[in-house]
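Peer 1: The structure's right below; bear with me while I get my questions together.
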Amino acid sequence: MRLSKMYFRTLREVPSEAEIPSHIWLLRAGMIRRLVSGVYGFMPLGFRSVRKIEEIVRQEMDAKGGQEIHMSALQPAELWQESGRWYAYGPEMWRLKDRNEREFCLGPTHEEIFTDIVRNEVSSYRQLPLNLYQIQTKYRDEKRPRFGLMRSREFVMKDAYSFDRDWEGLDQSYREMYDAYERVFKRCGLVFRAVEADSGAIGGSVSHEFTALSDVGESEIAYCEHCDMAATTERALCVDDAPGTESELPMEKVVTPGTKTIEEVASFLGVGQTKTIKALLFKAYGKSEAEFEYIGVFIRGDRELNMTKLINVLDIPEHAIEFADENEMGRITGAVGGFTGPVGLHDCKVIVDSELVGQKNLVAGACETDHHIINVNYERDYRGDIVTDLKLIKAGDRCPVCGAPVKLARGIEVGQVFKLGTKYSKAMGAYYKDENMEDQLIIMGCYGIGVTRTLAAVVEQHHDENGIIWPMAVAPYHVIVTIVNVGEEAQEALAETIYKDLQKAGAEVLLDDRKERPGVKFKDADILGIPIRITVGKKAAEGVVEYKLRKDSAHSELSAQDAAAQAICYVTSELNR
RNA sequence: CGGAGUGUAGCGCAGCUUGGUAGCGCAUCUGGUUUGGGACCAGAGGGCCGAAGGUUCGAAUCCUUUCACUCCGACCA
């Protein structure tokens, strides 16, 4: 492709909408363009890279026996009502009606649709196992679209669904997808880690998230350097501190004026935050706005609540719970916010973090404004309707597997795999007949890769202060041949020769034949991040060119033939890594 | 959704406090000189100042309402 003919424009300045490197460079390289918040279009160069990722995904899916299909993004509400997710999915689902007022959504994911297809077509155990996938546009009306392709409202996703006879089959399918994912992300040039994850709105029991490590990532993982433990922080189990050994002292109400926060209470009473109880009052909805209950949650004062653990134990969708407001708090506790405690709390479900059970003589709110109670002990003074781990893991906490201190890291969630089990087959009636002509539920798994997010993650990990540095496998082109001075016949002729030779040898080549000054071309080549740069300049008459890799600063002078040969060799070796 | 901020030419911004009918850099077009890391000179085109109301002789500027966008928090591929 000749740059003089290509539809692209690099930007000299950083658009004000962009904050993080992937967003900045994809915009500046002219690869993407925003339509509205969270919705982007792909320009020729950007779309080529998207297709490269898709192709890698296809190859790895097909290698595991996956079969590609393509379902509509437009989905009827009925299927979602069958699975129960029409309500559970919440406001993130993009809903619409047709002219007859029939309800639809733009698919945020496709479990229902694939289950529906399969229940109608699969009837015998002989048709299983089955793995179907698609690469398709998904819609999620995100609360807060952010960071360009990182969190967008329209995005390209590969979603695969496995259908097995039994749990052993699912284990096998899951393992194969897991392997395929490792290959996909490795081929894309990502540094990533597979970690245990919560299954969230998708459901199921076991799940792993593939996280491309990056400081700008929105996903946080906890891992251990002494064992294999690695999990998202929302999933990671926490180890309770050892129980206190001191004897239980009698409770005593004390006056603590204006001490609303844990810090204030602890410093007012001169105790550590580990000797306090943090109280959080929530309002949780059932199936409708009218049906709700109040939930009092108690954890040790120095801990943070893990919201995911809470909604999991309550078995409600995330959008069905909110903090109680000041009026409700007053009604339930009889005090203003900041003085809620578990002792004498009525009309409210009480959920207690397991760690509190063993801790002795703690400080808690007295459910009376400006008062706390000291020497509060579990069992003797209060009990929970539910006692479970509700803590958010933090750096330095003990590893739940081996006890060593855990570390935290940030990353971009580029893929996730789930063992769904029978969640959808049961709700939607997807059965097969076994050897004895008996109906059996199909056992399902589902597997997603954020294709466009992967593109952003690649840029996030592969750039410098001058622009993108594409890994060969996802680069829009392999080589860029720059004519330093268009108009000089020797340069033009030699560049044309190299351009055609490289193309004949199978390389994807850009020829910068624009009537621009050299500086402009070099800057653009850096921004675009094409892995190999061949510069045809002053020594063209002698048949000599410069050969340089985008990732290196040094270049070498070679004959045109040698440069072309070296380029082909490098492309081949990189693609086969 | 809560909090903060911003909407002025394709992009980045100034002007707004103290109203007087819109400007700078980049980009674009023309001519010329340049040509190894985002050139220079001369000239030109391009904006219902986010939208709607209001105040005023007069509004980008003041007031009200609204929409959009970005950032910080809770959620996901």
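By order in the structure tokens, chains are A, B, ...; within a chain, residues start at 1; ligands start at 1, following the order shown.
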Give me, as a list in words, the residues of chain B touching chain A, with the criterion being at most 12 Å (counting only C-alpha atoms (C1' of nucleotides)).

Peer 2: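 Residues of chain B within 12 Å of chain A, counting only C-alpha atoms (C1' of nucleotides): C1, G2, U6, G7, G10, C11, G12, C13, G25, C26, A27, U34, U35, G36, G37, G38, A39, A68, C69, U70, C71, C72, G73, A74, C75, C76 and A77 of chain B.
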
Peer 1: Applying 10 Å and only C-alpha atoms (C1' of nucleotides), which residues near Glu557 in chain A remain after dropping the ones on its own chain fewer than 6 positions away? List them as a PyMOL selection string.

Peer 2: chain A and resi 534-535+539+544-548+563

Peer 1: Using the selection just defined, write its residues with all heavy atoms as an mmCIF file, in the first residue's frame.

Peer 2:
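Saved file again.cif follows:
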data_model
loop_
_atom_site.group_PDB
_atom_site.id
_atom_site.type_symbol
_atom_site.label_atom_id
_atom_site.label_comp_id
_atom_site.auth_asym_id
_atom_site.auth_seq_id
_atom_site.Cartn_x
_atom_site.Cartn_y
_atom_site.Cartn_z
ATOM 1 N N ILE A 534 12.595 0.352 6.414
ATOM 2 C CA ILE A 534 13.674 0.415 5.434
ATOM 3 C C ILE A 534 13.656 1.812 4.828
ATOM 4 O O ILE A 534 12.640 2.254 4.283
ATOM 5 C CB ILE A 534 13.495 -0.661 4.342
ATOM 6 C CG1 ILE A 534 13.642 -2.058 4.964
ATOM 7 C CG2 ILE A 534 14.513 -0.454 3.211
ATOM 8 C CD1 ILE A 534 13.389 -3.200 4.014
ATOM 9 N N THR A 535 14.766 2.522 4.983
ATOM 10 C CA THR A 535 14.846 3.898 4.509
ATOM 11 C C THR A 535 15.714 3.968 3.263
ATOM 12 O O THR A 535 16.862 3.514 3.270
ATOM 13 C CB THR A 535 15.451 4.793 5.603
ATOM 14 O OG1 THR A 535 14.695 4.623 6.805
ATOM 15 C CG2 THR A 535 15.422 6.252 5.187
ATOM 16 N N LYS A 539 22.159 7.068 -0.240
ATOM 17 C CA LYS A 539 22.996 6.066 -0.884
ATOM 18 C C LYS A 539 22.221 5.173 -1.851
ATOM 19 O O LYS A 539 22.688 4.090 -2.225
ATOM 20 C CB LYS A 539 23.693 5.211 0.177
ATOM 21 C CG LYS A 539 24.653 6.031 1.030
ATOM 22 C CD LYS A 539 25.529 5.173 1.910
ATOM 23 C CE LYS A 539 26.502 6.065 2.683
ATOM 24 N NZ LYS A 539 27.183 5.302 3.760
ATOM 25 N N VAL A 544 22.328 1.106 -1.701
ATOM 26 C CA VAL A 544 22.397 0.880 -0.255
ATOM 27 C C VAL A 544 21.215 1.566 0.450
ATOM 28 O O VAL A 544 20.852 2.699 0.126
ATOM 29 C CB VAL A 544 23.727 1.423 0.305
ATOM 30 C CG1 VAL A 544 23.735 1.366 1.837
ATOM 31 C CG2 VAL A 544 24.885 0.615 -0.265
ATOM 32 N N VAL A 545 20.636 0.861 1.403
ATOM 33 C CA VAL A 545 19.510 1.402 2.176
ATOM 34 C C VAL A 545 19.786 1.212 3.667
ATOM 35 O O VAL A 545 20.736 0.528 4.044
ATOM 36 C CB VAL A 545 18.192 0.687 1.818
ATOM 37 C CG1 VAL A 545 17.869 0.858 0.345
ATOM 38 C CG2 VAL A 545 18.256 -0.793 2.191
ATOM 39 N N GLU A 546 18.928 1.813 4.473
ATOM 40 C CA GLU A 546 19.047 1.614 5.923
ATOM 41 C C GLU A 546 17.974 0.653 6.387
ATOM 42 O O GLU A 546 16.821 0.736 5.976
ATOM 43 C CB GLU A 546 18.859 2.947 6.655
ATOM 44 C CG GLU A 546 20.034 3.866 6.538
ATOM 45 C CD GLU A 546 19.697 5.267 7.001
ATOM 46 O OE1 GLU A 546 18.743 5.419 7.809
ATOM 47 O OE2 GLU A 546 20.364 6.203 6.543
ATOM 48 N N TYR A 547 18.375 -0.231 7.279
ATOM 49 C CA TYR A 547 17.453 -1.233 7.824
ATOM 50 C C TYR A 547 17.383 -1.018 9.326
ATOM 51 O O TYR A 547 18.408 -0.959 9.997
ATOM 52 C CB TYR A 547 17.986 -2.626 7.505
ATOM 53 C CG TYR A 547 17.161 -3.760 8.057
ATOM 54 C CD1 TYR A 547 16.132 -4.330 7.293
ATOM 55 C CD2 TYR A 547 17.400 -4.274 9.319
ATOM 56 C CE1 TYR A 547 15.373 -5.372 7.788
ATOM 57 C CE2 TYR A 547 16.635 -5.325 9.828
ATOM 58 C CZ TYR A 547 15.631 -5.866 9.052
ATOM 59 O OH TYR A 547 14.884 -6.900 9.545
ATOM 60 N N LYS A 548 16.166 -0.886 9.840
ATOM 61 C CA LYS A 548 16.020 -0.602 11.268
ATOM 62 C C LYS A 548 14.755 -1.244 11.797
ATOM 63 O O LYS A 548 13.733 -1.287 11.108
ATOM 64 C CB LYS A 548 15.953 0.913 11.471
ATOM 65 C CG LYS A 548 15.762 1.335 12.914
ATOM 66 C CD LYS A 548 15.600 2.842 13.020
ATOM 67 C CE LYS A 548 15.273 3.277 14.444
ATOM 68 N NZ LYS A 548 14.047 2.673 14.985
ATOM 69 N N ALA A 563 18.717 -6.166 2.640
ATOM 70 C CA ALA A 563 17.704 -5.598 3.534
ATOM 71 C C ALA A 563 16.377 -6.319 3.353
ATOM 72 O O ALA A 563 15.709 -6.678 4.325
ATOM 73 C CB ALA A 563 17.536 -4.105 3.252
#

Peer 1: Give me, as an MDAnalysis selection string, the residues of range 327-513 of chain A that a backbone DSSP run labels alpha helix (DSSP H).

Peer 2: chainID A and resid 327:333 355:358 423:428 451:461 489:504

Peer 1: What does the file look like for those residues with C-alpha atoms, as a PDB file, in the first residue's frame?

Peer 2:
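In the end it all went to again-v2.pdb:
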ATOM      1  CA  ASN A 327     -33.099   8.636  56.813  1.00  0.00           C
ATOM      2  CA  GLU A 328     -33.273   4.888  56.467  1.00  0.00           C
ATOM      3  CA  MET A 329     -30.208   4.544  58.617  1.00  0.00           C
ATOM      4  CA  GLY A 330     -31.831   6.613  61.334  1.00  0.00           C
ATOM      5  CA  ARG A 331     -34.965   4.518  61.192  1.00  0.00           C
ATOM      6  CA  ILE A 332     -33.146   1.183  61.415  1.00  0.00           C
ATOM      7  CA  THR A 333     -30.435   2.083  63.910  1.00  0.00           C
ATOM      8  CA  GLU A 355     -12.809 -12.694  61.196  1.00  0.00           C
ATOM      9  CA  LEU A 356     -14.903 -10.869  63.805  1.00  0.00           C
ATOM     10  CA  VAL A 357     -15.967 -14.123  65.423  1.00  0.00           C
ATOM     11  CA  GLY A 358     -12.605 -14.660  67.080  1.00  0.00           C
ATOM     12  CA  LYS A 423     -27.245 -22.676  34.720  1.00  0.00           C
ATOM     13  CA  TYR A 424     -28.596 -21.989  31.242  1.00  0.00           C
ATOM     14  CA  SER A 425     -29.493 -25.493  30.116  1.00  0.00           C
ATOM     15  CA  LYS A 426     -31.659 -25.899  33.206  1.00  0.00           C
ATOM     16  CA  ALA A 427     -33.348 -22.514  32.961  1.00  0.00           C
ATOM     17  CA  MET A 428     -33.985 -22.874  29.256  1.00  0.00           C
ATOM     18  CA  VAL A 451     -10.811  -8.510  20.676  1.00  0.00           C
ATOM     19  CA  THR A 452     -10.759  -4.728  20.560  1.00  0.00           C
ATOM     20  CA  ARG A 453      -9.710  -4.553  24.182  1.00  0.00           C
ATOM     21  CA  THR A 454      -6.868  -6.916  23.376  1.00  0.00           C
ATOM     22  CA  LEU A 455      -5.771  -4.447  20.713  1.00  0.00           C
ATOM     23  CA  ALA A 456      -5.662  -1.695  23.335  1.00  0.00           C
ATOM     24  CA  ALA A 457      -3.786  -3.974  25.737  1.00  0.00           C
ATOM     25  CA  VAL A 458      -1.171  -4.712  23.083  1.00  0.00           C
ATOM     26  CA  VAL A 459      -0.545  -1.003  22.562  1.00  0.00           C
ATOM     27  CA  GLU A 460      -0.499  -0.471  26.301  1.00  0.00           C
ATOM     28  CA  GLN A 461       2.354  -2.964  26.587  1.00  0.00           C
ATOM     29  CA  GLU A 489      14.875   9.042  -9.355  1.00  0.00           C
ATOM     30  CA  ALA A 490      17.450   6.723  -7.827  1.00  0.00           C
ATOM     31  CA  GLN A 491      15.592   6.684  -4.521  1.00  0.00           C
ATOM     32  CA  GLU A 492      12.197   6.173  -6.087  1.00  0.00           C
ATOM     33  CA  ALA A 493      13.391   3.397  -8.337  1.00  0.00           C
ATOM     34  CA  LEU A 494      15.193   1.500  -5.588  1.00  0.00           C
ATOM     35  CA  ALA A 495      12.295   1.870  -3.192  1.00  0.00           C
ATOM     36  CA  GLU A 496       9.858   0.580  -5.797  1.00  0.00           C
ATOM     37  CA  THR A 497      12.061  -2.447  -6.333  1.00  0.00           C
ATOM     38  CA  ILE A 498      12.253  -3.286  -2.650  1.00  0.00           C
ATOM     39  CA  TYR A 499       8.539  -2.653  -2.233  1.00  0.00           C
ATOM     40  CA  LYS A 500       7.646  -5.084  -5.006  1.00  0.00           C
ATOM     41  CA  ASP A 501      10.210  -7.679  -3.953  1.00  0.00           C
ATOM     42  CA  LEU A 502       8.938  -7.707  -0.401  1.00  0.00           C
ATOM     43  CA  GLN A 503       5.359  -8.023  -1.548  1.00  0.00           C
ATOM     44  CA  LYS A 504       6.275 -10.911  -3.830  1.00  0.00           C
TER      45      LYS A 504
END

Peer 1: Can you work out the spacing between CA of Leu79 in chain A and CA of His110 in chain A in Å, to one decimal?

Peer 2: 10.3 Å

Peer 1: Mind checking which residues fall within 10 Å of Asn377 in chain A, counting only C-alpha atoms (C1' of nucleotides), ignoring those fewer than 6 positions away in the same chain, and posting them as number ranges by chain?

Peer 2: A: 248-251, 343, 356-364, 383

Peer 1: Find the distance between C1' of A60 in chain B and C1' of U18 in chain B and write it in Å to one decimal.

Peer 2: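 These atoms are spaced 15.4 Å apart.
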